[in-house]
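*Asks:* Below you'll find the structure I mean.
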Amino acid sequence: MEQNKIPQATAKRLPLYYRFLNNLNQQGKKRVSSKELSDAVKVDSATIRRDFSYFGALGKKGYGYNVEYLLGFFRSTLDQHEVTEVALIGVGNLGTAFLHYNFMKNNNIRITTAFDADTEKVGTDIGGVPVYDIRDLEEKLEDIKVAILTVPAVEAQVIADKLVEKGISGILNFTPARISVPKHIRVHHIDLAVELQALVYFLKHYSLDNPE
């Protein structure tokens, strides 16, 4: 099945499967059952089997899944052999944390350049990543297709417009603003305040013993 035919919910779980399989492989484990996968990634076994079925016969009944084979398959599916360079826009507290972390567990993703308006940060390296003046965005943003947005909400749309003009294909938006982009640009919104409010609400009103 072509990857663009795979449900988006399945596609979002693939990196989770890959990370766990990579850990198993490093531990020297040769095979894993859907039950073990389920317990580790907190996705029910039926969903895992359905996810895997989109890619054909990846396992054997009564045996489970070959860890090395699955890891190689998902490495290819997720293009782990290719390094994706990412730009970070906004080197505040959250942006700085990203630069220090720099996706160490994902060996195919690297923040390679950052931008900010703070003159004290411009010209420095944070976590090994150079920080450029936001005014140089269009000049310095070369051959990068993915950006992380951690600027103040009032600046988000203006920056997003510049990213689109420069040819960015995907934006991970950590601002509260719901930015507008052309249909061919993919945006994932992550509002930490909203997620935290939702968590608190669920803690108060939904029992884990009876999720319905």
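Here, A, B, ... name the chains of the structure tokens in the order displayed, residue numbers run from 1 inside each chain, and ligands are numbered from 1 in the same displayed order.
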Tell me, counting only C-alpha atoms, for each residue of segment 112-163 of chain A within 7 Å of segment 173-177 of chain A, which pair of atoms is nearest and how far apart they are in Å to one decimal, in rows ordered by chain and increasing number, as CSV.
*Replies:*
residue,atom,partner,partner_atom,distance
A:Ile148,CA,A:Asn173,CA,6.1
A:Leu149,CA,A:Asn173,CA,4.8
A:Thr150,CA,A:Phe174,CA,5.4
A:Val151,CA,A:Thr175,CA,6.6
A:Pro152,CA,A:Thr175,CA,6.6
A:Ala153,CA,A:Ala177,CA,5.3
A:Ala156,CA,A:Ala177,CA,6.6
*Asks:* Those same residues, written as a PDB file, in the first residue's frame with N, CA and C atoms?
*Replies:*
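In the end it all went to result-v6.pdb:
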ATOM      1  N   ILE A 148      10.556  24.698  13.260  1.00  0.00           N
ATOM      2  CA  ILE A 148       9.873  24.700  14.549  1.00  0.00           C
ATOM      3  C   ILE A 148       9.641  26.156  14.933  1.00  0.00           C
ATOM      4  N   LEU A 149       8.405  26.472  15.272  1.00  0.00           N
ATOM      5  CA  LEU A 149       8.034  27.856  15.575  1.00  0.00           C
ATOM      6  C   LEU A 149       7.821  28.018  17.073  1.00  0.00           C
ATOM      7  N   THR A 150       8.709  28.785  17.718  1.00  0.00           N
ATOM      8  CA  THR A 150       8.591  29.027  19.163  1.00  0.00           C
ATOM      9  C   THR A 150       8.719  30.523  19.449  1.00  0.00           C
ATOM     10  N   VAL A 151       8.067  31.324  18.606  1.00  0.00           N
ATOM     11  CA  VAL A 151       8.091  32.783  18.766  1.00  0.00           C
ATOM     12  C   VAL A 151       6.843  33.228  19.529  1.00  0.00           C
ATOM     13  N   PRO A 152       6.789  34.495  19.980  1.00  0.00           N
ATOM     14  CA  PRO A 152       5.551  34.994  20.593  1.00  0.00           C
ATOM     15  C   PRO A 152       4.379  34.877  19.616  1.00  0.00           C
ATOM     16  N   ALA A 153       3.196  34.639  20.140  1.00  0.00           N
ATOM     17  CA  ALA A 153       2.017  34.391  19.304  1.00  0.00           C
ATOM     18  C   ALA A 153       1.748  35.523  18.315  1.00  0.00           C
ATOM     19  N   ALA A 156       3.736  35.031  15.139  1.00  0.00           N
ATOM     20  CA  ALA A 156       3.697  33.723  14.493  1.00  0.00           C
ATOM     21  C   ALA A 156       3.291  33.786  13.025  1.00  0.00           C
TER      22      ALA A 156
END
*Asks:* For Tyr69 of chain A, please output as a list of chain:residue names all residues within 12 Å (counting only C-alpha atoms; exclusion window: fewer than 3 positions along the same chain).
*Replies:* A:Tyr18, A:Leu21, A:Asn22, A:Asn25, A:Lys29, A:Lys30, A:Arg31, A:Val32, A:Ala57, A:Leu58, A:Gly59, A:Gly64, A:Tyr65, A:Asn66, A:Gly72, A:Phe73, A:Phe74, A:Arg75, A:Ser76
*Asks:* Residues of segment 41-206 of chain A classed as strand (DSSP E or B) by DSSP on the backbone are to be reported as an NGL selection string.
*Replies:* :A and (59-60 or 64-66 or 84-89 or 109-116 or 125-126 or 129-133 or 146-149 or 170-173 or 186-189)
*Asks:* Mind pulling up the distance from atom CA of Val83 of chain A to atom CA of Ile109 of chain A?
*Replies:* 5.7 Å
*Asks:* From a DSSP pass on the backbone, collect the residues of segment 13-165 of chain A flagged as alpha helix (DSSP H) and hand them back as a count of residues only.
*Replies:* 68
*Asks:* Would you mind listing, for every residue of segment 70-99 of chain A within 10 Å of segment 130-138 of chain A, the two atoms forming the shortest contact and the distance between them in Å to one decimal, using only C-alpha atoms, sorted by chain and ascending residue number, as a Markdown table?
*Replies:*
| residue | atom | partner | partner_atom | distance |
| --- | --- | --- | --- | --- |
| A:Ala87 | CA | A:Leu137 | CA | 9.8 |
| A:Leu88 | CA | A:Val131 | CA | 9.1 |
| A:Ile89 | CA | A:Ile134 | CA | 7.8 |
| A:Gly90 | CA | A:Ile134 | CA | 8.5 |
| A:Val91 | CA | A:Val131 | CA | 8.1 |
| A:Leu99 | CA | A:Pro130 | CA | 9.7 |
*Asks:* Kindly export the residues of the current selection with N, CA and C atoms, as a short mmCIF file (atom, residue, chain, number, x, y, z; two decimals), in the first residue's frame.
*Replies:*
data_model
loop_
_atom_site.label_atom_id
_atom_site.label_comp_id
_atom_site.auth_asym_id
_atom_site.auth_seq_id
_atom_site.Cartn_x
_atom_site.Cartn_y
_atom_site.Cartn_z
N ALA A 87 15.00 23.99 11.01
CA ALA A 87 15.30 25.33 11.51
C ALA A 87 14.40 25.63 12.69
N LEU A 88 14.95 26.29 13.70
CA LEU A 88 14.16 26.70 14.86
C LEU A 88 14.05 28.22 14.86
N ILE A 89 12.82 28.71 14.95
CA ILE A 89 12.57 30.14 14.93
C ILE A 89 12.07 30.57 16.31
N GLY A 90 12.90 31.32 17.04
CA GLY A 90 12.53 31.78 18.37
C GLY A 90 13.34 31.07 19.44
N VAL A 91 14.39 31.72 19.93
CA VAL A 91 15.28 31.08 20.90
C VAL A 91 15.01 31.63 22.30
N LEU A 99 17.16 23.35 21.45
CA LEU A 99 18.51 23.36 20.91
C LEU A 99 19.44 22.48 21.73
#
*Asks:* Given only C-alpha atoms as the basis, pick out the residue of A:Thr47, A:Ala40, A:Leu172, A:Gly167 nearest to Asp191 of chain A.
*Replies:* A:Leu172
*Asks:* Find the residue from A:Thr96, A:Gln26, A:Thr10, A:Thr77 that sits nearest to Gly127 of chain A; use only C-alpha atoms when measuring.
*Replies:*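 Closest residue, counting only C-alpha atoms: A:Thr96.
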*Asks:* What lies within 10 Å of Ala160 of chain A using only C-alpha atoms, ignoring chain neighbours under 2 positions off, as a PyMOL selection string?
*Replies:* chain A and resi 89+147+149+155-158+162-166+168+171+173+179-181
*Asks:* Residues as selected, C-alpha atoms, written as a PDB file, in the first residue's frame, can you do that?
*Replies:*
ATOM      1  CA  ILE A  89      12.567  30.141  14.935  1.00  0.00           C
ATOM      2  CA  ALA A 147      10.754  24.556  10.859  1.00  0.00           C
ATOM      3  CA  LEU A 149       8.034  27.856  15.575  1.00  0.00           C
ATOM      4  CA  GLU A 155       4.658  37.228  15.568  1.00  0.00           C
ATOM      5  CA  ALA A 156       3.697  33.723  14.493  1.00  0.00           C
ATOM      6  CA  GLN A 157       1.738  34.555  11.337  1.00  0.00           C
ATOM      7  CA  VAL A 158       4.321  37.004   9.988  1.00  0.00           C
ATOM      8  CA  LYS A 162       8.156  34.241   5.473  1.00  0.00           C
ATOM      9  CA  LEU A 163       8.771  30.525   5.949  1.00  0.00           C
ATOM     10  CA  VAL A 164       6.225  29.703   3.268  1.00  0.00           C
ATOM     11  CA  GLU A 165       7.803  32.189   0.869  1.00  0.00           C
ATOM     12  CA  LYS A 166      11.175  30.544   1.443  1.00  0.00           C
ATOM     13  CA  ILE A 168       9.256  25.478   3.965  1.00  0.00           C
ATOM     14  CA  ILE A 171       5.895  23.700  10.465  1.00  0.00           C
ATOM     15  CA  ASN A 173       3.926  25.299  15.732  1.00  0.00           C
ATOM     16  CA  ILE A 179      -1.444  30.194  11.724  1.00  0.00           C
ATOM     17  CA  SER A 180      -2.851  30.191   8.195  1.00  0.00           C
ATOM     18  CA  VAL A 181      -0.783  28.644   5.407  1.00  0.00           C
TER      19      VAL A 181
END
*Asks:* So the first atom is atom CA of Ala114 of chain A and the second is atom CA of Val129 of chain A; what is the distance between them in Å, to one decimal place?
*Replies:* 6.8 Å
